[in-house]
>>> print(open('protein_11.txt').read())   # compact mmCIF, C-alpha atoms
# COMPACT_ATOMS: atom_id res chain seq x y z
CA ALA A 1 -151.91 19.31 -163.79
CA GLU A 2 -151.35 22.42 -165.88
CA HIS A 3 -153.92 24.48 -163.99
CA ARG A 4 -151.72 25.16 -160.95
CA ARG A 5 -148.46 27.00 -161.44
CA PRO A 6 -145.56 25.24 -159.66
CA GLU A 7 -144.33 27.22 -156.65
CA TRP A 8 -141.12 26.89 -154.64
CA SER A 9 -141.05 26.54 -150.87
CA ARG A 10 -139.23 29.41 -149.17
CA ASP A 11 -136.17 27.25 -148.45
CA GLY A 12 -136.08 25.79 -151.95
CA THR A 13 -136.28 22.17 -150.80
CA ALA A 14 -139.76 21.48 -152.17
CA LEU A 15 -141.84 22.33 -155.18
CA TYR A 16 -145.60 22.68 -154.71
CA ILE A 17 -147.59 21.37 -157.65
CA GLY A 18 -151.18 20.41 -158.42
CA LEU A 19 -152.41 16.88 -159.15
CA ARG A 20 -155.65 15.97 -160.83
CA PRO A 21 -157.03 12.56 -161.83
CA ARG A 22 -156.66 12.12 -165.58
CA GLU A 23 -160.04 11.46 -167.17
CA ARG A 24 -160.54 9.38 -170.30
CA ALA A 25 -161.70 11.44 -173.27
CA THR A 26 -165.17 10.48 -174.51
CA THR A 27 -165.68 9.51 -178.16
CA ASP A 28 -168.81 9.28 -180.24
CA SER A 29 -168.15 5.69 -181.27
CA ALA A 30 -171.76 4.99 -182.16
CA ALA A 31 -171.96 7.71 -184.76
CA GLY A 32 -173.23 6.39 -188.07
CA PRO A 33 -173.14 7.81 -191.58
CA GLY A 34 -174.62 11.27 -191.78
CA GLY A 35 -175.14 11.86 -188.07
CA ARG A 36 -174.24 11.34 -184.44
CA GLY A 37 -174.92 8.09 -182.63
CA GLY A 38 -176.26 6.98 -179.30
CA ASP A 39 -173.41 8.41 -177.22
CA ARG A 40 -174.50 11.99 -177.86
CA VAL A 41 -174.27 14.09 -174.70
CA SER A 42 -177.73 14.95 -173.44
CA ASP A 43 -178.74 18.56 -172.83
CA VAL A 44 -181.32 17.56 -170.20
CA GLN A 45 -180.81 19.03 -166.73
CA VAL A 46 -181.50 16.68 -163.84
CA TRP A 47 -182.14 18.55 -160.60
CA HIS A 48 -181.73 16.53 -157.40
CA SER A 49 -182.59 17.29 -153.78
CA ARG A 50 -179.10 16.19 -152.74
CA ASP A 51 -177.38 18.82 -154.87
CA VAL A 52 -175.59 21.31 -152.63
CA ARG A 53 -175.08 23.59 -155.63
CA ILE A 54 -178.14 24.16 -157.77
CA MET A 55 -177.87 23.42 -161.48
CA PRO A 56 -177.32 27.03 -162.69
CA MET A 57 -174.45 27.38 -160.22
CA GLN A 58 -172.93 24.10 -161.42
CA LYS A 59 -173.04 25.39 -165.00
CA VAL A 60 -171.42 28.71 -164.10
CA GLN A 61 -168.66 26.99 -162.11
CA GLU A 62 -168.08 24.11 -164.54
CA GLN A 63 -164.81 25.42 -165.99
CA GLN A 64 -163.55 26.32 -162.54
CA ASP A 65 -164.32 22.79 -161.35
CA LEU A 66 -162.43 21.31 -164.30
CA GLN A 67 -159.33 23.30 -163.29
CA ARG A 68 -159.29 22.35 -159.61
CA THR A 69 -156.20 20.50 -158.43
CA LEU A 70 -154.98 18.75 -155.30
CA LEU A 71 -152.08 20.62 -153.70
CA THR A 72 -149.01 18.38 -153.51
CA ALA A 73 -145.47 18.79 -152.15
CA TRP A 74 -142.62 17.36 -154.24
CA HIS A 75 -139.61 17.06 -151.88
CA LEU A 76 -136.59 17.29 -154.13
CA GLY A 77 -134.04 15.91 -151.68
CA ASP A 78 -135.40 12.36 -151.71
CA GLY A 79 -137.95 12.63 -154.52
CA ARG A 80 -140.99 12.04 -152.28
CA VAL A 81 -144.34 13.30 -153.58
CA VAL A 82 -146.72 14.06 -150.70
CA GLN A 83 -150.33 14.77 -151.64
CA LEU A 84 -151.76 17.35 -149.21
CA GLY A 85 -155.29 17.72 -150.57
CA ARG A 86 -157.84 14.93 -150.72
CA ASP A 87 -160.93 16.53 -152.25
CA LEU A 88 -160.96 18.63 -155.42
CA GLN A 89 -163.91 20.64 -154.08
CA GLU A 90 -162.16 21.62 -150.85
CA THR A 91 -159.59 24.35 -150.14
CA VAL A 92 -155.98 23.63 -149.14
CA ARG A 93 -153.70 26.41 -147.88
CA LEU A 94 -150.07 26.24 -146.81
CA LEU A 95 -149.26 27.80 -143.46
CA GLU A 96 -146.30 30.15 -143.14
CA GLY A 97 -143.12 28.21 -142.47
CA GLY A 98 -144.08 25.31 -144.74
CA ARG A 99 -144.49 22.74 -141.96
CA PHE A 100 -148.27 22.36 -142.13
CA ALA A 101 -151.17 22.94 -144.48
CA THR A 102 -154.90 23.17 -143.77
CA GLU A 103 -157.72 21.56 -145.73
CA THR A 104 -161.42 22.31 -145.33
CA ASP A 105 -163.94 19.47 -145.15
CA ARG A 106 -167.60 20.38 -145.71
CA SER A 107 -168.88 16.86 -146.41
CA ALA A 108 -170.68 16.45 -143.08
CA TYR A 109 -172.64 19.70 -143.44
CA SER A 110 -174.04 19.64 -146.97
CA TRP A 111 -177.66 19.90 -145.79
CA GLY A 112 -177.03 23.13 -143.88
CA ALA A 113 -174.96 24.56 -146.73
CA LYS A 114 -178.02 24.45 -149.00
CA PHE A 115 -179.95 26.69 -146.61
CA GLY A 116 -177.47 29.37 -145.64
CA ARG A 117 -175.91 27.50 -142.71
CA PRO A 118 -172.50 26.37 -144.02
CA TYR A 119 -170.01 24.72 -141.69
CA GLN A 120 -166.68 22.98 -142.17
CA ASP A 121 -164.14 20.85 -140.35
CA ILE A 122 -160.49 21.89 -140.57
CA TRP A 123 -157.73 19.33 -141.01
CA LEU A 124 -154.04 19.92 -140.39
CA VAL A 125 -151.73 18.15 -142.84
CA ASP A 126 -148.02 17.54 -142.21
CA VAL A 127 -146.22 18.70 -145.38
CA GLN A 128 -143.37 16.22 -144.88
CA THR A 129 -145.38 13.07 -144.23
CA GLY A 130 -148.96 13.81 -145.31
CA GLU A 131 -150.18 12.80 -141.84
CA ARG A 132 -153.55 14.40 -141.08
CA ARG A 133 -155.36 15.32 -137.89
CA LYS A 134 -158.67 17.11 -137.38
CA ALA A 135 -157.94 20.47 -135.74
CA LEU A 136 -161.37 22.14 -135.72
CA GLU A 137 -164.89 20.82 -136.02
CA LYS A 138 -168.02 22.57 -137.29
CA VAL A 139 -166.68 26.09 -137.75
CA ARG A 140 -168.11 28.72 -140.08
CA TYR A 141 -165.85 31.78 -139.95
CA PHE A 142 -162.32 30.42 -140.34
CA TYR A 143 -159.31 32.70 -140.96
CA ASN A 144 -156.51 30.16 -141.53
CA GLY A 145 -152.96 30.75 -140.31
CA SER A 146 -151.20 33.53 -138.42
CA ALA A 147 -148.16 35.47 -139.62
CA THR A 148 -145.79 32.75 -138.36
CA GLY A 149 -148.05 29.82 -139.25
CA ARG A 150 -148.23 28.74 -135.63
CA ARG A 151 -151.88 29.61 -134.96
CA LEU A 152 -155.26 29.25 -136.65
CA ALA A 153 -158.09 31.70 -135.99
CA TRP A 154 -161.87 31.42 -136.13
CA TYR A 155 -165.05 33.07 -134.84
CA ASP A 156 -167.82 31.07 -133.18
CA GLY A 157 -170.65 33.61 -133.37
CA THR A 158 -169.66 35.34 -130.12
CA HIS A 159 -165.89 35.10 -129.64
CA PHE A 160 -162.65 34.92 -131.60
CA TRP A 161 -160.49 31.86 -130.92
CA SER A 162 -157.02 30.63 -131.77
CA TYR A 163 -155.61 27.10 -132.14
CA ASP A 164 -151.93 26.28 -131.63
CA VAL A 165 -150.98 23.94 -134.48
CA VAL A 166 -148.15 22.33 -132.48
CA SER A 167 -149.73 21.84 -129.05
CA GLY A 168 -153.41 21.77 -130.08
CA VAL A 169 -154.28 24.28 -127.33
CA ARG A 170 -157.38 26.41 -127.97
CA THR A 171 -157.55 29.95 -126.58
CA ASN A 172 -160.55 32.28 -126.35
CA LEU A 173 -159.09 35.60 -127.48
CA SER A 174 -162.03 37.92 -126.89
CA VAL A 175 -163.77 36.73 -123.71
CA ALA A 176 -161.75 39.15 -121.57
CA ALA A 177 -162.21 42.08 -123.97
CA LYS A 178 -165.79 42.77 -122.87
CA ALA A 179 -166.89 44.00 -126.31
CA ASP A 180 -169.40 42.98 -128.97
CA PHE A 181 -167.60 41.93 -132.15
CA SER A 182 -170.69 40.89 -134.13
CA ASN A 183 -171.82 42.69 -137.28
CA PRO A 184 -174.50 45.19 -136.14
CA ASP A 185 -175.97 45.54 -139.64
CA TRP A 186 -176.50 41.83 -140.29
CA ASP A 187 -180.21 41.16 -140.85
CA PHE A 188 -180.19 37.84 -142.70
CA PRO A 189 -182.09 34.99 -141.03
CA GLY A 190 -179.83 32.23 -139.79
CA ASP A 191 -178.30 30.52 -136.83
CA MET A 192 -175.20 32.70 -136.45
CA THR A 193 -174.37 36.39 -136.79
CA PRO A 194 -171.00 37.00 -138.48
CA PRO A 195 -168.29 39.18 -136.95
CA ALA A 196 -167.83 42.83 -137.87
CA GLY A 197 -164.57 41.75 -139.43
CA ILE A 198 -160.91 40.91 -138.96
CA ALA A 199 -157.77 42.78 -140.01
CA GLY A 200 -155.27 39.99 -139.34
CA TRP A 201 -152.45 38.90 -137.04
CA THR A 202 -149.67 41.20 -135.94
CA LYS A 203 -146.18 40.56 -137.23
CA ASP A 204 -145.06 38.69 -134.10
CA ASP A 205 -148.29 36.71 -133.57
CA ARG A 206 -148.78 38.46 -130.25
CA ALA A 207 -152.24 39.72 -131.15
CA LEU A 208 -155.15 39.31 -133.53
CA LEU A 209 -156.57 42.60 -134.86
CA VAL A 210 -160.37 42.59 -135.21
CA TYR A 211 -163.27 45.03 -135.46
CA ASP A 212 -166.34 45.95 -133.47
CA ALA A 213 -169.03 48.21 -134.92
CA PHE A 214 -166.72 51.25 -135.07
CA ASP A 215 -163.22 50.44 -133.89
CA LEU A 216 -160.09 48.36 -134.34
CA TRP A 217 -159.16 46.07 -131.43
CA SER A 218 -156.02 44.16 -130.52
CA LEU A 219 -156.75 40.79 -128.88
CA ALA A 220 -153.81 39.27 -126.99
CA ALA A 221 -152.82 35.83 -128.30
CA ASP A 222 -152.73 34.40 -124.77
CA GLY A 223 -156.36 35.39 -124.13
CA SER A 224 -155.44 37.88 -121.40
CA GLY A 225 -157.55 40.69 -122.84
CA GLY A 226 -158.09 43.21 -125.59
CA GLN A 227 -157.22 46.83 -126.29
CA ARG A 228 -159.29 49.27 -128.31
CA LEU A 229 -156.81 50.95 -130.66
CA THR A 230 -159.15 53.60 -132.12
CA ALA A 231 -161.92 55.82 -130.74
CA GLY A 232 -164.58 55.95 -133.43
CA ALA A 233 -167.65 55.08 -131.38
CA PRO A 234 -168.32 58.55 -129.82
CA ASP A 235 -168.47 60.22 -133.26
CA ARG A 236 -169.92 57.11 -134.97
CA VAL A 237 -166.94 56.94 -137.33
CA VAL A 238 -166.04 53.44 -138.52
CA HIS A 239 -162.30 52.61 -138.49
CA ARG A 240 -160.95 49.77 -140.63
CA TYR A 241 -157.41 48.66 -141.43
CA ALA A 242 -156.19 49.84 -144.85
CA ARG A 243 -154.20 47.05 -146.49
CA LEU A 244 -151.36 48.63 -148.47
CA GLY A 245 -149.64 45.43 -149.54
CA THR A 246 -146.86 45.61 -146.95
CA ASP A 247 -148.19 43.14 -144.37
CA GLU A 248 -147.31 39.75 -145.87
CA GLY A 249 -145.50 38.83 -142.66
CA GLY A 250 -148.20 40.25 -140.40
CA ILE A 251 -149.30 43.76 -139.43
CA ASP A 252 -146.38 45.70 -137.97
CA LEU A 253 -147.73 48.01 -135.24
CA SER A 254 -144.26 49.40 -134.57
CA LYS A 255 -144.75 51.47 -137.73
CA PRO A 256 -147.62 53.86 -138.59
CA VAL A 257 -150.70 51.97 -139.77
CA TYR A 258 -153.28 53.53 -142.08
CA LEU A 259 -157.01 53.18 -141.53
CA SER A 260 -160.01 53.86 -143.73
CA ILE A 261 -162.64 55.91 -141.89
CA SER A 262 -166.31 56.49 -142.72
CA GLY A 263 -169.10 58.31 -140.94
CA LYS A 264 -171.89 55.88 -140.12
CA LEU A 265 -174.48 58.66 -140.45
CA SER A 266 -172.61 61.46 -142.23
CA LYS A 267 -171.39 59.13 -145.02
CA LYS A 268 -168.16 61.11 -145.14
CA THR A 269 -165.10 58.97 -145.90
CA GLY A 270 -161.35 59.30 -145.70
CA TYR A 271 -158.23 57.99 -143.99
CA ALA A 272 -156.52 58.14 -140.61
CA ARG A 273 -153.17 57.02 -139.23
CA LEU A 274 -152.49 54.93 -136.13
CA THR A 275 -149.11 55.21 -134.40
CA THR A 276 -148.49 53.19 -131.25
CA GLY A 277 -148.64 55.38 -128.15
CA LYS A 278 -150.38 58.28 -129.90
CA PRO A 279 -154.02 59.22 -130.55
CA VAL A 280 -155.32 58.32 -133.99
CA GLU A 281 -154.54 61.09 -136.51
CA ARG A 282 -157.50 61.91 -138.76
CA LEU A 283 -155.80 62.81 -142.05
CA ILE A 284 -158.69 63.36 -144.44
CA LEU A 285 -162.48 63.11 -144.06
CA ASP A 286 -164.53 64.50 -146.93
CA ASP A 287 -168.17 64.61 -147.98
CA ALA A 288 -167.30 62.27 -150.87
CA ARG A 289 -166.12 58.71 -151.48
CA ILE A 290 -162.38 58.56 -150.76
CA ALA A 291 -160.96 55.14 -151.63
CA ARG A 292 -158.24 52.94 -153.19
CA LEU A 293 -155.35 54.13 -151.02
CA VAL A 294 -151.98 52.90 -152.30
CA ARG A 295 -148.39 53.65 -151.29
CA ALA A 296 -145.34 53.99 -153.50
CA ASP A 297 -142.77 51.21 -153.18
CA SER A 298 -139.73 53.27 -152.27
CA THR A 299 -140.96 56.54 -150.77
CA ASP A 300 -143.70 57.97 -148.57
CA VAL A 301 -145.96 59.05 -151.44
CA PHE A 302 -149.60 58.00 -151.36
CA ALA A 303 -152.37 58.00 -153.95
CA PHE A 304 -156.14 57.73 -153.54
CA THR A 305 -159.33 58.42 -155.49
CA ARG A 306 -162.12 60.87 -154.80
CA GLU A 307 -165.60 60.69 -156.33
CA ARG A 308 -169.16 61.89 -155.93
CA PHE A 309 -172.34 61.04 -157.79
CA ASP A 310 -171.76 64.08 -160.03
CA ASP A 311 -167.95 63.84 -160.16
CA SER A 312 -166.20 60.80 -161.68
CA PRO A 313 -163.31 59.20 -159.73
CA ASP A 314 -160.00 61.04 -160.00
CA TRP A 315 -156.61 60.19 -158.55
CA TYR A 316 -154.87 62.41 -156.00
CA ILE A 317 -151.29 62.27 -154.72
CA ALA A 318 -150.17 63.35 -151.27
CA GLY A 319 -147.55 62.84 -148.58
CA PRO A 320 -147.91 60.60 -145.52
CA LEU A 321 -150.14 63.15 -143.73
CA MET A 322 -152.26 63.70 -146.89
CA ARG A 323 -152.11 67.47 -146.59
CA ASP A 324 -152.82 69.49 -149.74
CA PRO A 325 -153.43 66.48 -152.01
CA ARG A 326 -152.75 67.17 -155.68
CA GLN A 327 -155.20 66.01 -158.37
CA VAL A 328 -153.34 64.20 -161.15
CA THR A 329 -156.17 62.91 -163.39
CA THR A 330 -159.26 64.34 -165.05
CA THR A 331 -161.17 61.22 -166.01
CA ASN A 332 -164.31 62.87 -167.35
CA ALA A 333 -163.42 66.35 -168.56
CA PHE A 334 -166.36 66.43 -170.95
CA GLN A 335 -168.98 65.75 -168.26
CA ALA A 336 -169.46 69.50 -167.79
CA ASP A 337 -171.00 69.58 -171.28
CA TYR A 338 -173.91 67.40 -170.15
CA ALA A 339 -176.82 67.80 -167.77
CA TRP A 340 -176.23 65.81 -164.60
CA GLY A 341 -178.04 65.00 -161.39
CA ARG A 342 -176.80 65.24 -157.82
CA SER A 343 -177.30 63.24 -154.62
CA GLU A 344 -178.05 63.91 -150.98
CA LEU A 345 -178.88 62.04 -147.78
CA VAL A 346 -182.42 61.90 -146.42
CA GLU A 347 -183.23 61.10 -142.78
CA PHE A 348 -186.52 59.35 -142.00
CA THR A 349 -188.21 57.15 -139.42
CA SER A 350 -189.74 53.90 -140.61
CA ALA A 351 -193.22 52.71 -139.73
CA ALA A 352 -191.49 50.39 -137.25
CA GLU A 353 -190.18 53.52 -135.46
CA ARG A 354 -186.61 52.91 -136.57
CA PRO A 355 -184.45 55.90 -137.62
CA LEU A 356 -183.06 55.22 -141.09
CA GLN A 357 -181.48 56.99 -144.04
CA ALA A 358 -181.99 57.09 -147.78
CA ALA A 359 -179.96 58.28 -150.74
CA LEU A 360 -181.90 60.68 -152.97
CA TYR A 361 -180.70 61.32 -156.53
CA TYR A 362 -181.99 64.44 -158.30
CA PRO A 363 -183.01 64.63 -161.96
CA ALA A 364 -180.63 66.44 -164.30
CA ASN A 365 -181.37 70.17 -164.67
CA TYR A 366 -183.57 70.02 -161.57
CA ASP A 367 -186.09 72.86 -161.35
CA PRO A 368 -187.66 73.22 -157.86
CA ALA A 369 -190.76 74.78 -159.44
CA ARG A 370 -191.55 71.55 -161.30
CA LYS A 371 -192.87 68.18 -160.14
CA TYR A 372 -191.00 65.06 -161.21
CA PRO A 373 -191.72 61.33 -161.16
CA MET A 374 -189.67 59.28 -158.70
CA ILE A 375 -188.40 55.71 -158.88
CA VAL A 376 -188.04 54.02 -155.48
CA TYR A 377 -185.51 51.20 -155.42
CA THR A 378 -185.98 48.91 -152.43
CA TYR A 379 -183.14 46.57 -151.56
CA GLU A 380 -181.23 46.28 -148.27
CA LEU A 381 -178.93 49.08 -147.00
CA LEU A 382 -177.97 51.43 -149.84
CA SER A 383 -177.66 54.91 -148.34
CA GLN A 384 -173.88 54.34 -148.04
CA ASN A 385 -173.71 54.57 -151.86
CA VAL A 386 -174.84 58.20 -151.89
CA HIS A 387 -171.43 59.38 -153.17
CA ASN A 388 -170.80 56.58 -155.68
CA TYR A 389 -170.29 57.75 -159.24
CA VAL A 390 -172.52 55.84 -161.67
CA VAL A 391 -171.38 55.58 -165.28
CA PRO A 392 -174.45 56.02 -167.52
CA SER A 393 -175.42 52.86 -169.35
CA GLU A 394 -178.51 51.91 -171.32
CA ARG A 395 -177.58 48.23 -170.87
CA SER A 396 -177.82 48.25 -167.08
CA TYR A 397 -181.23 47.39 -165.64
CA TYR A 398 -180.91 49.78 -162.69
CA ASN A 399 -178.67 52.64 -163.79
CA PHE A 400 -179.38 55.65 -161.60
CA ALA A 401 -177.44 58.07 -163.82
CA SER A 402 -179.56 57.08 -166.83
CA TRP A 403 -182.76 57.45 -164.83
CA THR A 404 -181.85 60.91 -163.52
CA ALA A 405 -180.77 61.97 -167.04
CA ASN A 406 -184.25 61.03 -168.20
CA GLY A 407 -185.93 63.29 -165.66
CA TYR A 408 -186.54 61.02 -162.65
CA PHE A 409 -185.81 61.31 -158.98
CA VAL A 410 -184.39 58.08 -157.60
CA LEU A 411 -184.79 57.17 -153.92
CA THR A 412 -182.99 54.25 -152.24
CA PRO A 413 -184.29 53.97 -148.66
CA ASP A 414 -182.45 51.70 -146.23
CA ILE A 415 -184.33 48.45 -145.65
CA VAL A 416 -183.82 46.55 -142.40
CA PHE A 417 -185.22 43.03 -142.76
CA ARG A 418 -186.84 40.82 -140.18
CA GLY A 419 -186.70 37.06 -140.63
CA ARG A 420 -189.79 35.64 -142.38
CA ASP A 421 -191.16 39.14 -143.09
CA PRO A 422 -189.16 40.55 -146.02
CA GLY A 423 -192.12 42.13 -147.79
CA ILE A 424 -193.49 43.79 -144.66
CA SER A 425 -189.99 45.02 -143.79
CA VAL A 426 -189.78 46.78 -147.16
CA LEU A 427 -193.23 48.30 -146.75
CA GLU A 428 -192.31 49.73 -143.32
CA SER A 429 -189.41 51.67 -144.89
CA VAL A 430 -191.14 52.79 -148.06
>>> encode(input="protein_11.txt", output="structure tokens")
Amino acid sequence: AEHRRPEWSRDGTALYIGLRPRERATTDSAAGPGGRGGDRVSDVQVWHSRDVRIMPMQKVQEQQDLQRTLLTAWHLGDGRVVQLGRDLQETVRLLEGGRFATETDRSAYSWGAKFGRPYQDIWLVDVQTGERRKALEKVRYFYNGSATGRRLAWYDGTHFWSYDVVSGVRTNLSVAAKADFSNPDWDFPGDMTPPAGIAGWTKDDRALLVYDAFDLWSLAADGSGGQRLTAGAPDRVVHRYARLGTDEGGIDLSKPVYLSISGKLSKKTGYARLTTGKPVERLILDDARIARLVRADSTDVFAFTRERFDDSPDWYIAGPLMRDPRQVTTTNAFQADYAWGRSELVEFTSAAERPLQAALYYPANYDPARKYPMIVYTYELLSQNVHNYVVPSERSYYNFASWTANGYFVLTPDIVFRGRDPGISVLESV
């Protein structure tokens, strides 16, 4: 099929292609003079209780569905064509090394998928023979293969696990770490809380790097324990791995690793550097949104953006320690000619006695002697957007920059939801 670009195996012995059943083109054979006939395609929508995807979603994803293919290995030495995927709606991924591939199978869990409880089985497929075996059953958070392709990783709602694709041995990676790796901000009703996140496997497959609420952890592949690599919890500073495009073969901890950092309460953001055997170096932490860190290909030169609600994103260039960064763009030089609002954090306690925060956006040309109308926007946790620059637009339904330009305060209080009580949860915050 033309929708998947052919791709070579690393050793050049196979070509990976996509297959798709060829469908007969429909013709309007019953069309008579002056009009269409009885084979006209109907525009009636038929909704069915067995549909996993509701009709609007099917319409949006129609073209994507028509371009799905079944991953297939064409072994050039003997001309064998081995189909690895079985279902066009499932996902097939090759593991590093080219010996195995994985395919998801959600067919047994369609009922739960319709109500926010998706699960899947994971099949291992031998690339040479097409032989299949079920590796994992009823998993939700699946992270596919390690850097060497030898292990699969998943999270069961409490612990991270690995599966050895050769021996079939399962190992609990986090039970000895004595830490909580669940997402502390998750407030959706359901049967499982997701993890705080995962950075990936190290280069040698010796450890899986994952997150708790604030820090980066290294979980030994043999299940012997875990090591906290950062120390963000005391200051409530969240540390997350910054992917700079150099970790295709796994995360190399023998070299300095960069981390994004953000104050849970201060909303300051920036970057830090982790070097094995040394304390984490905090390189930059500013009362702004610092983001998009990239590294030059051939030298230790880094670039990142800085923005605030009243300052559009600009690019800065710095060395590996990010000292004295140099601004190299001025994306909105004419903004100074226009009236603009500003933003600040507000601390408050909800009616449920929970300490929360809100982002408050001031009207342009704010005069403290005047009273202004205020729009309160109530939707989930939004105080973390206090430094986001908003491009004015009259086409956007909820454009804070346009509202403040028209003389309004805008308040976005954090909403923490309780299952079955979304309306009351909002009222408690507002």
>>> residues_near_point(input="protein_11.txt", point="(-182.8, 61.6, -167.0)", cutoff="12 Å", atoms="all atoms listed in the file", output="PyMOL selection string")
chain A and resi 338-342+361-366+372-375+392-394+399-410
>>> atom_distance(input="protein_11.txt", atom1="atom CA of Arg24 of chain A", atom2="atom CA of Trp47 of chain A")
25.4 Å
>>> closest_residue(input="protein_11.txt", among="A:Leu84, A:Ala176, A:Leu381, A:Ala14", to="Phe417 of chain A", atoms="all atoms listed in the file")
A:Leu381
>>> residues_around(input="protein_11.txt", residues="segment 151-155 of chain A", least_positions_apart="6", cutoff="9 Å", atoms="all atoms listed in the file", output="NGL selection string")
:A and (139-145 or 161-166 or 194-195 or 205 or 208)
>>> closest_residue(input="protein_11.txt", among="A:Asp311, A:Asp247, A:Asp121, A:Glu281", to="Lys134 of chain A", atoms="only C-alpha atoms")
A:Asp121
>>> residues_near_point(input="protein_11.txt", point="(-174.0, 41.9, -133.5)", cutoff="8 Å", atoms="only C-alpha atoms", output="short mmCIF file (atom, residue, chain, number, x, y, z; two decimals) with C-alpha atoms, in the frame of the given file")
data_model
loop_
_atom_site.label_atom_id
_atom_site.label_comp_id
_atom_site.auth_asym_id
_atom_site.auth_seq_id
_atom_site.Cartn_x
_atom_site.Cartn_y
_atom_site.Cartn_z
CA ASP A 180 -169.40 42.98 -128.97
CA PHE A 181 -167.60 41.93 -132.15
CA SER A 182 -170.69 40.89 -134.13
CA ASN A 183 -171.82 42.69 -137.28
CA PRO A 184 -174.50 45.19 -136.14
CA ASP A 185 -175.97 45.54 -139.64
CA TRP A 186 -176.50 41.83 -140.29
CA THR A 193 -174.37 36.39 -136.79
CA PRO A 194 -171.00 37.00 -138.48
CA PRO A 195 -168.29 39.18 -136.95
CA ALA A 196 -167.83 42.83 -137.87
#
>>> axis_aligned_box(input="protein_11.txt", around="segment 77-87 of chain A", padding_each_side="4 Å", output="lines of an AutoDock Vina configuration file")
center_x = -147.5
center_y = 14.9
center_z = -151.9
size_x = 34.9
size_y = 13.7
size_z = 13.3
>>> residues_around(input="protein_11.txt", residues="Leu356 of chain A", least_positions_apart="6", cutoff="8 Å", atoms="only C-alpha atoms", output="count of residues only")
6
>>> closest_residue(input="protein_11.txt", among="A:Arg206, A:Arg240, A:Arg289, A:Arg370", to="Phe304 of chain A", atoms="all atoms listed in the file")
A:Arg289
>>> atom_distance(input="protein_11.txt", atom1="atom CA of Asp78 of chain A", atom2="atom CA of Thr91 of chain A")
27.0 Å
>>> atom_distance(input="protein_11.txt", atom1="atom CA of Gly223 of chain A", atom2="atom CA of Arg170 of chain A")
9.8 Å
>>> closest_residue(input="protein_11.txt", among="A:Ser174, A:Gln327, A:Gln45, A:Thr412", to="Leu360 of chain A", atoms="all atoms listed in the file")
A:Thr412
>>> closest_residue(input="protein_11.txt", among="A:Ser429, A:Ser312, A:Ser110, A:Thr276", to="Thr330 of chain A", atoms="all atoms listed in the file")
A:Ser312
>>> closest_residue(input="protein_11.txt", among="A:Arg20, A:Arg354, A:Arg50, A:Arg292", to="Leu70 of chain A", atoms="all atoms listed in the file")
A:Arg20
>>> residues_around(input="protein_11.txt", residues="segment 209-212 of chain A", least_positions_apart="6", cutoff="6 Å", atoms="all atoms listed in the file", output="JSON, numbers by chain")
{"A": [181, 196, 197, 198, 199, 200, 201, 218]}
>>> residues_around(input="protein_11.txt", residues="Asp43 of chain A", least_positions_apart="3", cutoff="12 Å", atoms="only C-alpha atoms", output="MDAnalysis selection string")
chainID A and resid 40 46 59
>>> residues_around(input="protein_11.txt", residues="Tyr316 of chain A", least_positions_apart="6", cutoff="7 Å", atoms="all atoms listed in the file", output="compact mmCIF listing (two decimals) with C-alpha atoms, keeping the file's coordinate frame")
# COMPACT_ATOMS: atom_id res chain seq x y z
CA ALA A 303 -152.37 58.00 -153.95
CA PHE A 304 -156.14 57.73 -153.54
CA THR A 305 -159.33 58.42 -155.49
CA PRO A 325 -153.43 66.48 -152.01
CA ARG A 326 -152.75 67.17 -155.68
CA GLN A 327 -155.20 66.01 -158.37
CA VAL A 328 -153.34 64.20 -161.15
